[in-house]
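Undergrad: To be precise about what I am sending: the file is called final.tsv and holds TSV, C-alpha atoms and all ligand atoms.
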```tsv
chain	number	residue	atom	x	y	z
A	1	MET	CA	11.66	-0.42	18.88
A	2	ASP	CA	13.67	2.65	18.04
A	3	PRO	CA	11.21	4.97	16.30
A	4	GLY	CA	14.17	6.23	14.26
A	5	GLY	CA	14.11	3.20	11.92
A	6	GLY	CA	11.27	1.54	10.07
A	7	LEU	CA	7.57	1.92	10.73
A	8	SER	CA	6.29	2.68	14.20
A	9	VAL	CA	2.56	3.09	14.89
A	10	ARG	CA	1.41	4.01	18.37
A	11	GLY	CA	-2.13	4.28	19.72
A	12	LEU	CA	-3.68	5.13	16.39
A	13	VAL	CA	-7.32	6.21	16.68
A	14	LYS	CA	-9.69	7.17	13.87
A	15	ASP	CA	-13.21	8.47	14.35
A	16	TYR	CA	-15.56	9.09	11.45
A	17	PRO	CA	-18.74	11.13	11.74
A	18	GLY	CA	-21.80	8.86	11.72
A	19	PRO	CA	-25.52	9.61	11.80
A	20	GLY	CA	-25.63	9.39	15.60
A	21	GLY	CA	-22.23	10.96	16.35
A	22	LEU	CA	-18.64	9.86	15.93
A	23	ILE	CA	-17.91	6.23	15.08
A	24	ARG	CA	-14.57	4.93	16.34
A	25	VAL	CA	-13.13	2.77	13.56
A	26	LEU	CA	-9.57	2.43	14.90
A	27	ASP	CA	-9.20	2.27	18.65
A	28	GLY	CA	-5.51	2.19	19.49
A	29	VAL	CA	-3.58	0.43	16.72
A	30	ASP	CA	0.05	-0.39	17.52
A	31	LEU	CA	2.38	-1.79	14.87
A	32	ASP	CA	6.13	-1.93	14.34
A	33	ALA	CA	7.91	-3.08	11.22
A	34	ALA	CA	11.63	-2.97	10.64
A	35	PRO	CA	13.09	-2.16	7.21
A	36	GLY	CA	12.60	-5.19	4.97
A	37	GLU	CA	9.74	-6.66	6.99
A	38	ALA	CA	6.43	-7.70	5.45
A	39	VAL	CA	3.21	-7.94	7.45
A	40	SER	CA	-0.28	-9.07	6.51
A	41	ILE	CA	-3.55	-7.95	8.01
A	42	MET	CA	-6.86	-9.81	7.81
A	43	GLY	CA	-10.20	-8.89	9.32
A	44	ALA	CA	-13.92	-8.62	8.67
A	45	SER	CA	-15.23	-6.27	6.03
A	46	GLY	CA	-15.69	-2.78	7.46
A	47	CYS	CA	-13.37	-3.32	10.44
A	48	GLY	CA	-11.00	-0.52	9.40
A	49	LYS	CA	-8.23	-2.18	7.37
A	50	SER	CA	-8.34	0.32	4.49
A	51	THR	CA	-8.63	3.18	6.96
A	52	LEU	CA	-5.40	2.03	8.61
A	53	LEU	CA	-3.56	1.95	5.27
A	54	PHE	CA	-4.85	5.43	4.43
A	55	LEU	CA	-3.50	6.69	7.76
A	56	LEU	CA	-0.12	5.02	7.20
A	57	GLY	CA	0.08	6.65	3.78
A	58	ALA	CA	-1.01	10.09	5.05
A	59	ILE	CA	-4.11	10.03	2.84
A	60	GLU	CA	-6.32	10.25	5.94
A	61	PHE	CA	-5.43	11.83	9.25
A	62	PRO	CA	-5.65	10.23	12.67
A	63	SER	CA	-7.94	11.42	15.41
A	64	ASP	CA	-5.21	10.45	17.87
A	65	GLY	CA	-1.95	8.52	17.97
A	66	GLU	CA	1.22	8.64	15.88
A	67	VAL	CA	2.78	7.14	12.79
A	68	HIS	CA	6.54	7.37	12.23
A	69	LEU	CA	8.40	6.20	9.15
A	70	ASP	CA	12.14	6.39	9.67
A	71	GLY	CA	11.50	8.86	12.46
A	72	VAL	CA	9.20	11.16	10.45
A	73	ASP	CA	5.54	11.60	11.37
A	74	PRO	CA	3.88	12.52	8.06
A	75	HIS	CA	0.86	13.92	9.87
A	76	GLU	CA	3.07	16.60	11.41
A	77	LEU	CA	4.41	17.80	8.07
A	78	GLY	CA	2.95	20.80	6.26
A	79	SER	CA	0.84	20.18	3.18
A	80	ASP	CA	3.85	20.30	0.83
A	81	GLY	CA	5.75	17.85	3.04
A	82	GLN	CA	2.75	15.54	3.15
A	83	ALA	CA	2.39	15.61	-0.62
A	84	GLN	CA	6.08	14.80	-0.96
A	85	PHE	CA	5.76	11.99	1.61
A	86	ARG	CA	2.85	10.46	-0.33
A	87	ARG	CA	4.72	10.71	-3.60
A	88	ASP	CA	8.22	9.62	-2.53
A	89	GLU	CA	7.99	7.47	0.60
A	90	VAL	CA	4.82	5.45	0.06
A	91	GLY	CA	3.54	3.21	-2.73
A	92	PHE	CA	-0.11	2.19	-2.86
A	93	VAL	CA	-1.61	-0.84	-4.59
A	94	PHE	CA	-5.41	-1.05	-4.46
A	95	GLN	CA	-7.80	-3.90	-5.22
A	96	ASP	CA	-8.81	-2.07	-8.37
A	97	HIS	CA	-5.65	-1.28	-10.35
A	98	CYS	CA	-6.65	2.42	-10.72
A	99	LEU	CA	-4.60	2.80	-13.92
A	100	LEU	CA	-5.13	5.84	-16.15
A	101	PRO	CA	-7.12	4.38	-19.07
A	102	GLN	CA	-5.73	6.75	-21.72
A	103	CYS	CA	-2.07	6.08	-20.78
A	104	THR	CA	0.10	3.13	-21.76
A	105	ALA	CA	1.49	0.72	-19.18
A	106	LEU	CA	4.84	2.55	-19.24
A	107	GLU	CA	3.18	5.97	-18.92
A	108	ASN	CA	1.15	4.68	-15.95
A	109	VAL	CA	4.30	3.45	-14.22
A	110	LEU	CA	5.94	6.84	-14.80
A	111	ALA	CA	2.93	8.84	-13.58
A	112	PRO	CA	4.21	9.18	-9.97
A	113	THR	CA	7.46	10.68	-11.27
A	114	LEU	CA	5.62	13.68	-12.75
A	115	PRO	CA	5.85	16.65	-12.82
A	116	ASP	CA	9.52	16.46	-11.81
A	117	PRO	CA	11.01	13.31	-13.31
A	118	ARG	CA	14.54	12.41	-12.30
A	119	PRO	CA	17.32	11.01	-14.45
A	120	GLY	CA	16.89	7.25	-14.54
A	121	ASP	CA	13.12	7.20	-13.93
A	122	ALA	CA	12.30	5.98	-17.45
A	123	GLU	CA	14.95	3.28	-17.23
A	124	ARG	CA	13.72	2.15	-13.82
A	125	ALA	CA	10.13	1.97	-15.09
A	126	ALA	CA	11.22	-0.19	-18.01
A	127	VAL	CA	13.25	-2.45	-15.70
A	128	LEU	CA	10.30	-2.85	-13.34
A	129	LEU	CA	7.95	-3.75	-16.19
A	130	HIS	CA	10.52	-6.26	-17.41
A	131	ARG	CA	10.71	-7.88	-13.95
A	132	MET	CA	6.91	-7.97	-13.90
A	133	GLY	CA	7.01	-10.00	-17.12
A	134	LEU	CA	5.48	-7.08	-19.02
A	135	ALA	CA	8.34	-5.94	-21.25
A	136	GLU	CA	6.26	-6.75	-24.32
A	137	ARG	CA	3.25	-4.92	-22.93
A	138	GLN	CA	4.73	-1.54	-22.03
A	139	ASP	CA	3.08	0.30	-24.92
A	140	HIS	CA	-0.36	-1.27	-24.34
A	141	LEU	CA	-3.28	0.65	-22.92
A	142	PRO	CA	-4.85	-0.85	-19.77
A	143	ALA	CA	-7.89	-2.00	-21.77
A	144	ALA	CA	-5.58	-4.32	-23.72
A	145	LEU	CA	-4.19	-5.96	-20.56
A	146	SER	CA	-5.57	-8.82	-18.46
A	147	GLY	CA	-6.59	-8.20	-14.84
A	148	GLY	CA	-3.37	-9.72	-13.54
A	149	GLU	CA	-1.26	-7.69	-15.98
A	150	LYS	CA	-3.00	-4.48	-14.95
A	151	GLN	CA	-2.31	-5.24	-11.30
A	152	ARG	CA	1.35	-5.93	-12.09
A	153	VAL	CA	1.55	-2.53	-13.79
A	154	ALA	CA	0.00	-1.02	-10.66
A	155	ILE	CA	2.72	-2.65	-8.52
A	156	ALA	CA	5.44	-1.31	-10.81
A	157	ARG	CA	3.87	2.15	-10.52
A	158	ALA	CA	3.82	1.87	-6.73
A	159	LEU	CA	7.54	0.96	-6.70
A	160	VAL	CA	8.91	3.38	-9.29
A	161	ARG	CA	9.94	5.98	-6.68
A	162	ARG	CA	11.50	3.30	-4.44
A	163	PRO	CA	9.15	4.05	-1.52
A	164	LYS	CA	10.12	2.97	1.99
A	165	LEU	CA	6.62	1.65	2.54
A	166	LEU	CA	4.48	-0.40	0.15
A	167	LEU	CA	0.81	-0.48	1.14
A	168	CYS	CA	-1.34	-3.12	-0.58
A	169	ASP	CA	-5.12	-3.14	-0.09
A	170	GLU	CA	-6.49	-6.52	-1.23
A	171	PRO	CA	-4.23	-6.49	-4.29
A	172	THR	CA	-5.35	-9.94	-5.43
A	173	GLY	CA	-9.02	-9.54	-4.55
A	174	ASN	CA	-10.18	-9.27	-8.18
A	175	LEU	CA	-7.86	-11.94	-9.61
A	176	ASP	CA	-8.27	-15.66	-10.21
A	177	GLY	CA	-5.93	-18.16	-8.55
A	178	ALA	CA	-3.07	-18.22	-11.09
A	179	ALA	CA	-3.03	-14.45	-11.64
A	180	ALA	CA	-3.25	-13.87	-7.88
A	181	ASP	CA	-0.32	-16.22	-7.25
A	182	ARG	CA	1.78	-14.41	-9.81
A	183	VAL	CA	1.07	-11.02	-8.20
A	184	ALA	CA	1.82	-12.45	-4.75
A	185	ASP	CA	5.10	-13.97	-5.99
A	186	LEU	CA	6.20	-10.51	-7.17
A	187	LEU	CA	5.50	-8.99	-3.76
A	188	PHE	CA	7.90	-11.53	-2.26
A	189	ASP	CA	10.56	-11.08	-4.92
A	190	SER	CA	13.24	-8.85	-3.43
A	191	GLU	CA	14.52	-8.18	-6.95
A	192	VAL	CA	11.18	-6.45	-7.50
A	193	THR	CA	10.49	-4.80	-4.17
A	194	GLY	CA	14.11	-3.88	-3.46
A	195	PRO	CA	16.05	-4.04	-0.20
A	196	GLY	CA	14.70	-2.58	3.01
A	197	ARG	CA	11.19	-1.94	1.82
A	198	ILE	CA	8.39	-2.44	4.34
A	199	VAL	CA	5.25	-4.13	2.98
A	200	VAL	CA	1.89	-3.88	4.76
A	201	LEU	CA	-0.73	-5.93	2.95
A	202	VAL	CA	-4.44	-6.31	3.65
A	203	THR	CA	-6.09	-9.44	2.29
A	204	HIS	CA	-9.11	-11.69	2.58
A	205	ASP	CA	-7.07	-14.59	1.26
A	206	PRO	CA	-5.77	-16.79	4.10
A	207	GLY	CA	-3.30	-18.44	1.69
A	208	LEU	CA	-1.75	-15.10	0.82
A	209	ALA	CA	-1.71	-13.95	4.46
A	210	ALA	CA	0.02	-17.19	5.45
A	211	ARG	CA	2.99	-16.36	3.24
A	212	PHE	CA	3.84	-13.38	5.45
A	213	PRO	CA	6.25	-13.94	8.33
A	214	ARG	CA	4.22	-11.55	10.49
A	215	ARG	CA	0.43	-11.80	10.47
A	216	PHE	CA	-2.20	-9.72	12.22
A	217	ARG	CA	-5.99	-9.67	12.56
A	218	MET	CA	-7.91	-6.46	12.98
A	219	GLU	CA	-10.64	-6.76	15.58
A	220	GLY	CA	-12.35	-4.18	17.73
A	221	GLY	CA	-10.28	-1.41	16.13
A	222	ARG	CA	-6.94	-2.96	17.11
A	223	LEU	CA	-4.37	-5.34	15.65
A	224	ARG	CA	-3.74	-8.69	17.28
A	225	GLY	CA	-1.16	-11.28	16.31
A	226	ALA	CA	-2.69	-14.04	14.15
A	301	LIG	N1	-14.74	8.72	4.86
A	301	LIG	C1	-15.53	8.02	5.70
A	301	LIG	N2	-16.54	8.62	6.37
A	301	LIG	C2	-17.31	7.92	7.23
A	301	LIG	N3	-17.14	6.60	7.50
A	301	LIG	C3	-16.15	5.96	6.87
A	301	LIG	C4	-15.29	6.62	5.94
A	301	LIG	N4	-14.39	5.73	5.46
A	301	LIG	C5	-14.68	4.55	6.07
A	301	LIG	N5	-15.73	4.69	6.91
A	301	LIG	C6	-16.29	3.63	7.76
A	301	LIG	O1	-15.24	3.11	8.52
A	301	LIG	C7	-15.40	1.71	8.68
A	301	LIG	C8	-14.15	1.01	8.23
A	301	LIG	O2	-14.02	1.14	6.82
A	301	LIG	P1	-12.80	0.49	6.03
A	301	LIG	O3	-11.53	0.97	6.62
A	301	LIG	O4	-13.03	0.77	4.59
A	301	LIG	O5	-12.97	-1.06	6.36
A	301	LIG	P2	-12.30	-2.36	5.68
A	301	LIG	O6	-11.26	-1.88	4.73
A	301	LIG	O7	-11.78	-3.17	6.81
A	301	LIG	O8	-13.40	-3.08	4.97
A	301	LIG	C9	-16.65	1.32	7.91
A	301	LIG	O9	-17.72	1.25	8.82
A	301	LIG	C10	-16.82	2.47	6.95
A	301	LIG	O10	-18.16	2.66	6.63
A	302	MG	MG	-11.06	-2.10	2.69
```
What's the structure tokens form of this structure?

TA:
Amino acid sequence: MDPGGGLSVRGLVKDYPGPGGLIRVLDGVDLDAAPGEAVSIMGASGCGKSTLLFLLGAIEFPSDGEVHLDGVDPHELGSDGQAQFRRDEVGFVFQDHCLLPQCTALENVLAPTLPDPRPGDAERAAVLLHRMGLAERQDHLPAALSGGEKQRVAIARALVRRPKLLLCDEPTGNLDGAAADRVADLLFDSEVTGPGRIVVLVTHDPGLAARFPRRFRMEGGRLRGA
């Protein structure tokens, strides 16, 4: 694939220091995703799924290999460029919603737009919350929201800057069946995610993984088609 468009991952290696020396968690991950594609990744606990998402989002740095998003390798940017990449090009949804407890739903969605909000940010946040079925909840604190509602706020927050890449780490792992289905439906709703966005989702739920047109398993530090 042309590394100029979409996500291109080549030979990604990650070593962590362990008690007896370096532990190789990722051992040559290759992955391509074109704009608009959605991929799921399953694999045993501790096999390196979260590590891979952290590398794709430039939260962690690879020991070897390359990541390109629309031709840009975030790991080659300076620290300002990396911070901008994390803020503008990538959205993260974690298993735990990670909302700010003292901020309302709307304020949480707007958090990634600070400290330099752009015209239209507030309107986009309100539109996203509306699409999430949370228009009536935008002034509620997280403590007043259900688990599924909190996770929907977290998805709106991840999308507010229209990132090219949406990274989801077991986003339904803490939810019961109906709430999990609702969150999953939103991830497949192009009205919500927008055109051209790449979604990389890690899950333990085979039913959720099966909804993705492209599925992978992580094993032995690499991705294999599933
Ligand atoms: N910061 C770190 N320092 C050392 N080891 C780590 C660190 N982060 C993750 N690991 C180890 O890397 C392996 C993969 O972790 P992780 O990516 O969280 O797996 P998964 O998400 O598939 O459950 C685990 O053995 C974990 O203990
Ligand atoms: Mg994990």

Undergrad: In Å, how far is it from atom O8 of ligand LIG 301 (chain A) to atom CA of Gly81 of chain A?

TA: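 Atom CA of Gly81 of chain A lies 28.4 Å from atom O8 of ligand LIG 301 (chain A).
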
Undergrad: Taking a cut-off of 7 Å and counting all atoms listed in the file, can you build a table that, for each residue of chain A near ligand MG 302 (chain A), reports the nearest atom pair and how far apart they are in Å (one decimal), sorted by chain then residue number, as CSV?

TA:
```
residue,atom,partner,partner_atom,distance
A:Ser45,CA,A:MG302,MG,6.8
A:Gly46,CA,A:MG302,MG,6.7
A:Gly48,CA,A:MG302,MG,6.9
A:Lys49,CA,A:MG302,MG,5.5
A:Ser50,CA,A:MG302,MG,4.1
A:Asp169,CA,A:MG302,MG,6.6
```

Undergrad: Mind pulling up the distance from atom CA of Ile198 of chain A to atom CA of Phe85 of chain A?

TA: 14.9 Å

Undergrad: Considering only C-alpha atoms and all ligand atoms, tabulate each residue of chain A that lies at most 10 Å from ligand LIG 301 (chain A) along with its nearest interatomic pair and the corresponding distance in Å to one decimal; arrange the rows by chain and ascending residue number and present them as a tab-separated table.

TA:
```
residue	atom	partner	partner_atom	distance
A:Lys14	CA	A:LIG301	O1	8.7
A:Asp15	CA	A:LIG301	N3	8.1
A:Tyr16	CA	A:LIG301	C2	4.7
A:Pro17	CA	A:LIG301	C2	5.7
A:Gly18	CA	A:LIG301	C2	6.4
A:Pro19	CA	A:LIG301	C2	9.5
A:Leu22	CA	A:LIG301	C2	9.0
A:Ile23	CA	A:LIG301	N3	7.6
A:Arg24	CA	A:LIG301	O1	8.1
A:Val25	CA	A:LIG301	O1	5.5
A:Leu26	CA	A:LIG301	C8	8.2
A:Ile41	CA	A:LIG301	O7	9.6
A:Met42	CA	A:LIG301	O7	8.3
A:Gly43	CA	A:LIG301	O7	6.4
A:Ala44	CA	A:LIG301	O7	6.1
A:Ser45	CA	A:LIG301	O8	3.8
A:Gly46	CA	A:LIG301	O8	3.4
A:Cys47	CA	A:LIG301	O7	4.0
A:Gly48	CA	A:LIG301	O3	3.2
A:Lys49	CA	A:LIG301	O7	3.7
A:Ser50	CA	A:LIG301	O6	3.7
A:Thr51	CA	A:LIG301	O3	3.7
A:Leu52	CA	A:LIG301	O3	6.5
A:Leu53	CA	A:LIG301	O3	8.1
A:Phe54	CA	A:LIG301	O3	8.3
A:Leu55	CA	A:LIG301	O3	9.9
A:Glu60	CA	A:LIG301	N1	8.6
A:Asp169	CA	A:LIG301	O6	7.9
A:Glu170	CA	A:LIG301	O6	8.9
A:Val202	CA	A:LIG301	O6	8.2
A:Thr203	CA	A:LIG301	O6	9.5
A:His204	CA	A:LIG301	O7	9.9
A:Met218	CA	A:LIG301	O7	8.0
A:Glu219	CA	A:LIG301	O7	9.5
A:Gly221	CA	A:LIG301	C8	9.1
```

Undergrad: Would you pick out the contacts of Arg197 of chain A at 9 Å or less, using only C-alpha atoms, so that residues sharing its chain but fewer than 2 positions from it are not included, and give the list as a PyMOL selection string?

TA: chain A and resi 6+34-38+162-166+190+193-195+199

Undergrad: If you count all atoms listed in the file, which residues fall within 12 Å of Gln82 of chain A, apart from same-chain ones fewer than 3 positions away, as a ChimeraX atom specification?

TA: /A:55-61,72-79,85-90

Undergrad: With C-alpha atoms retained, export the selected residues as a CSV table (one decimal), keeping the file's coordinate frame.

TA:
```csv
chain,number,residue,atom,x,y,z
A,55,LEU,CA,-3.5,6.7,7.8
A,56,LEU,CA,-0.1,5.0,7.2
A,57,GLY,CA,0.1,6.6,3.8
A,58,ALA,CA,-1.0,10.1,5.0
A,59,ILE,CA,-4.1,10.0,2.8
A,60,GLU,CA,-6.3,10.2,5.9
A,61,PHE,CA,-5.4,11.8,9.2
A,72,VAL,CA,9.2,11.2,10.4
A,73,ASP,CA,5.5,11.6,11.4
A,74,PRO,CA,3.9,12.5,8.1
A,75,HIS,CA,0.9,13.9,9.9
A,76,GLU,CA,3.1,16.6,11.4
A,77,LEU,CA,4.4,17.8,8.1
A,78,GLY,CA,3.0,20.8,6.3
A,79,SER,CA,0.8,20.2,3.2
A,85,PHE,CA,5.8,12.0,1.6
A,86,ARG,CA,2.8,10.5,-0.3
A,87,ARG,CA,4.7,10.7,-3.6
A,88,ASP,CA,8.2,9.6,-2.5
A,89,GLU,CA,8.0,7.5,0.6
A,90,VAL,CA,4.8,5.4,0.1
```

Undergrad: Work out how far apart atom CA of Gly71 of chain A and atom CA of Ser8 of chain A are and give it in Å to one decimal.

TA: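 Between atom CA of Gly71 of chain A and atom CA of Ser8 of chain A the gap works out to 8.3 Å.
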
Undergrad: Go through A:Leu208, A:Leu100, A:Leu223, A:Leu186 one by one, measure the shortest atom-to-atom distance of each to Val13 of chain A using all atoms listed in the file, and give the residue with the smallest value.

TA: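 Looking at the shortest contact to Val13 of chain A, the residue is A:Leu223.
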
Undergrad: Which is closest to Asp32 of chain A among A:Ala178, A:Asp96, A:Asp64, A:Asp70, if we use only C-alpha atoms?

TA: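 Among A:Ala178, A:Asp96, A:Asp64, A:Asp70, it is A:Asp70 that comes nearest to Asp32 of chain A.
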
Undergrad: Would you fill out segment 37-52 of chain A with N, CA and C atoms and return it as a PDB file, in the frame of the given file?

TA:
```pdb
ATOM      1  N   GLU A  37      10.772  -5.757   6.487  1.00  0.00           N
ATOM      2  CA  GLU A  37       9.740  -6.660   6.990  1.00  0.00           C
ATOM      3  C   GLU A  37       8.451  -6.551   6.182  1.00  0.00           C
ATOM      4  N   ALA A  38       7.714  -7.667   6.147  1.00  0.00           N
ATOM      5  CA  ALA A  38       6.430  -7.700   5.450  1.00  0.00           C
ATOM      6  C   ALA A  38       5.383  -8.227   6.422  1.00  0.00           C
ATOM      7  N   VAL A  39       4.269  -7.510   6.539  1.00  0.00           N
ATOM      8  CA  VAL A  39       3.210  -7.940   7.450  1.00  0.00           C
ATOM      9  C   VAL A  39       1.899  -8.014   6.693  1.00  0.00           C
ATOM     10  N   SER A  40       1.056  -8.968   7.101  1.00  0.00           N
ATOM     11  CA  SER A  40      -0.280  -9.070   6.510  1.00  0.00           C
ATOM     12  C   SER A  40      -1.319  -8.788   7.579  1.00  0.00           C
ATOM     13  N   ILE A  41      -2.443  -8.270   7.117  1.00  0.00           N
ATOM     14  CA  ILE A  41      -3.550  -7.950   8.010  1.00  0.00           C
ATOM     15  C   ILE A  41      -4.825  -8.521   7.408  1.00  0.00           C
ATOM     16  N   MET A  42      -5.532  -9.318   8.208  1.00  0.00           N
ATOM     17  CA  MET A  42      -6.860  -9.810   7.810  1.00  0.00           C
ATOM     18  C   MET A  42      -7.880  -9.227   8.776  1.00  0.00           C
ATOM     19  N   GLY A  43      -9.158  -9.392   8.426  1.00  0.00           N
ATOM     20  CA  GLY A  43     -10.200  -8.890   9.320  1.00  0.00           C
ATOM     21  C   GLY A  43     -11.493  -8.726   8.545  1.00  0.00           C
ATOM     22  N   ALA A  44     -12.599  -8.691   9.282  1.00  0.00           N
ATOM     23  CA  ALA A  44     -13.920  -8.620   8.670  1.00  0.00           C
ATOM     24  C   ALA A  44     -14.061  -7.357   7.838  1.00  0.00           C
ATOM     25  N   SER A  45     -14.931  -7.442   6.839  1.00  0.00           N
ATOM     26  CA  SER A  45     -15.230  -6.270   6.030  1.00  0.00           C
ATOM     27  C   SER A  45     -15.735  -5.143   6.917  1.00  0.00           C
ATOM     28  N   GLY A  46     -15.233  -3.945   6.692  1.00  0.00           N
ATOM     29  CA  GLY A  46     -15.690  -2.780   7.460  1.00  0.00           C
ATOM     30  C   GLY A  46     -15.000  -2.594   8.798  1.00  0.00           C
ATOM     31  N   CYS A  47     -13.994  -3.422   9.107  1.00  0.00           N
ATOM     32  CA  CYS A  47     -13.370  -3.320  10.440  1.00  0.00           C
ATOM     33  C   CYS A  47     -12.305  -2.223  10.491  1.00  0.00           C
ATOM     34  N   GLY A  48     -11.937  -1.647   9.346  1.00  0.00           N
ATOM     35  CA  GLY A  48     -11.000  -0.520   9.400  1.00  0.00           C
ATOM     36  C   GLY A  48      -9.647  -0.773   8.748  1.00  0.00           C
ATOM     37  N   LYS A  49      -9.531  -1.838   7.971  1.00  0.00           N
ATOM     38  CA  LYS A  49      -8.230  -2.180   7.370  1.00  0.00           C
ATOM     39  C   LYS A  49      -7.786  -1.096   6.376  1.00  0.00           C
ATOM     40  N   SER A  50      -8.713  -0.709   5.478  1.00  0.00           N
ATOM     41  CA  SER A  50      -8.340   0.320   4.490  1.00  0.00           C
ATOM     42  C   SER A  50      -8.061   1.640   5.195  1.00  0.00           C
ATOM     43  N   THR A  51      -8.850   1.946   6.205  1.00  0.00           N
ATOM     44  CA  THR A  51      -8.630   3.180   6.960  1.00  0.00           C
ATOM     45  C   THR A  51      -7.213   3.202   7.523  1.00  0.00           C
ATOM     46  N   LEU A  52      -6.759   2.077   8.064  1.00  0.00           N
ATOM     47  CA  LEU A  52      -5.400   2.030   8.610  1.00  0.00           C
ATOM     48  C   LEU A  52      -4.371   2.315   7.517  1.00  0.00           C
TER      49      LEU A  52
END
```
